[in-house]
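Trainee: So that we are looking at the same thing, I have put the structure below in structure tokens.
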Amino acid sequence: MARPAFLNEMAGRLIRADGRSRSAKSVETFGWLILAEALLIVFGPNTVASLLRLPVLVEQGASYFRLAGMLVGGLGMLYIASGRLNSKEFVFASLLDRPLVPIAMAVLWRLGIIPGPLALAFAIQDFGSFLWTLFALRSEQRNQ
């Protein structure tokens with residue numbers, strides 16, 4: 001059975017990813033970063049917990065950490081696909097979401113829900129990638 005033309009076009013664009021903007025490339029790169037982190041969490045939760053100076057994980061804790069890694073991996077794939085497809089709408093949406101992560105992490109840390117090193121790692125990563133995408137987008141707008 002032949003694939004619809006739309007699926008062929010999207011698959012081709014994912015593979016080639018020609019003509020992407022700098023902001024779309026920053027979104028894709030962020031996606032690869034969080035996908036790599038997700039894989040580390042899924043396949044080595046205790047190692048990642050140790051690197052982040054988290055308490056030793058019991059079996060159930062490691063399972064929940066792996067589940068969180070799976071969710072982060074799905075998000076990473078979404079960022080990768082959106083960046084490779086040069087989705088200006090997704091770039092915009094990511095600029096609404098990522099600057100809120102440091103605030104959410106501060107609240108979660110303050111309430112004792114997540115450890116400080118984990119909150120700090122997420123806050124730095126998300127806000128840093130937000131700034132990278134924002135500056136890339138502003139540069140693109142100046143050059144138009």
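Chain lettering (A, B, ...) mirrors the order of the structure tokens, residue numbering begins at 1 for each chain separately, and ligand numbering begins at 1 in order of display.
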Write out as a list in words which residues come within 8 Å of Phe65 of chain A when counting only C-alpha atoms, dropping same-chain ones fewer than 2 positions away.
Mentor: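 In the requested format, the answer is Ile41, Val42, Pro45, Gly61, Ala62, Ser63, Leu67, Ala68 and Gly69 of chain A.
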Trainee: Save out the residues we just selected, N, CA and C atoms, as an mmCIF file, in the first residue's frame.
Mentor:
data_model
loop_
_atom_site.group_PDB
_atom_site.id
_atom_site.type_symbol
_atom_site.label_atom_id
_atom_site.label_comp_id
_atom_site.auth_asym_id
_atom_site.auth_seq_id
_atom_site.Cartn_x
_atom_site.Cartn_y
_atom_site.Cartn_z
ATOM 1 N N ILE A 41 19.104 8.210 31.310
ATOM 2 C CA ILE A 41 18.231 7.949 32.458
ATOM 3 C C ILE A 41 17.576 6.571 32.344
ATOM 4 N N VAL A 42 17.095 6.234 31.155
ATOM 5 C CA VAL A 42 16.413 4.952 30.968
ATOM 6 C C VAL A 42 17.365 3.777 31.188
ATOM 7 N N PRO A 45 19.774 4.683 35.309
ATOM 8 C CA PRO A 45 19.187 5.634 36.269
ATOM 9 C C PRO A 45 20.054 5.848 37.518
ATOM 10 N N GLY A 61 12.060 3.619 42.860
ATOM 11 C CA GLY A 61 12.525 4.950 42.474
ATOM 12 C C GLY A 61 13.219 4.932 41.123
ATOM 13 N N ALA A 62 14.024 3.910 40.883
ATOM 14 C CA ALA A 62 14.703 3.773 39.594
ATOM 15 C C ALA A 62 13.689 3.579 38.476
ATOM 16 N N SER A 63 12.638 2.836 38.756
ATOM 17 C CA SER A 63 11.589 2.621 37.745
ATOM 18 C C SER A 63 10.880 3.924 37.414
ATOM 19 N N LEU A 67 10.766 6.014 33.913
ATOM 20 C CA LEU A 67 9.524 6.501 33.315
ATOM 21 C C LEU A 67 9.645 7.981 32.963
ATOM 22 N N ALA A 68 10.206 8.759 33.869
ATOM 23 C CA ALA A 68 10.426 10.180 33.576
ATOM 24 C C ALA A 68 11.363 10.325 32.372
ATOM 25 N N GLY A 69 12.379 9.468 32.293
ATOM 26 C CA GLY A 69 13.279 9.487 31.149
ATOM 27 C C GLY A 69 12.556 9.200 29.843
#
Trainee: Would you please give, as a PyMOL selection string, all residues of segment 10-75 of chain A that DSSP assigns to helix (DSSP H, G or I) based on the backbone?
Mentor: chain A and resi 10-16+22-43+45-51+59-75
Trainee: Pick out the closest residue to Ala121 of chain A from this set: A:Leu7, A:Ala38, A:Met70, A:Leu52. Count only C-alpha atoms.
Mentor: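 Of A:Leu7, A:Ala38, A:Met70, A:Leu52, the one nearest Ala121 of chain A, counting only C-alpha atoms, is A:Leu52.
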Trainee: Using only C-alpha atoms, find the one residue out of A:Asn143, A:Thr29, A:Ser21, A:Asn8 that sits nearest to Ser87 of chain A.
Mentor: A:Ser21
Trainee: Could you tell me which of A:Trp32, A:Tyr64, A:Phe130, A:Phe122 comes closest to Met77 of chain A if we count only C-alpha atoms?
Mentor: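 Ranked by minimum distance to Met77 of chain A, first place goes to A:Trp32.
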Trainee: Between atom CA of Ser23 of chain A and atom CA of Thr133 of chain A, what is the distance, to one decimal in Å?
Mentor: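 The value is 5.0 Å.
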Trainee: Just how far from atom CA of Val48 of chain A is atom CA of Pro117 of chain A, in Å to one decimal?
Mentor: 11.5 Å
Trainee: Closest to Ser94 of chain A among A:Glu28, A:Ile124, A:Glu9, A:Arg110, using only C-alpha atoms?
Mentor: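 Of all the options, A:Glu28 lies closest to Ser94 of chain A.
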Trainee: How far is it from atom CA of Phe127 of chain A to atom CA of Arg98 of chain A, in Å with one decimal?
Mentor: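 So the answer is 6.1 Å.
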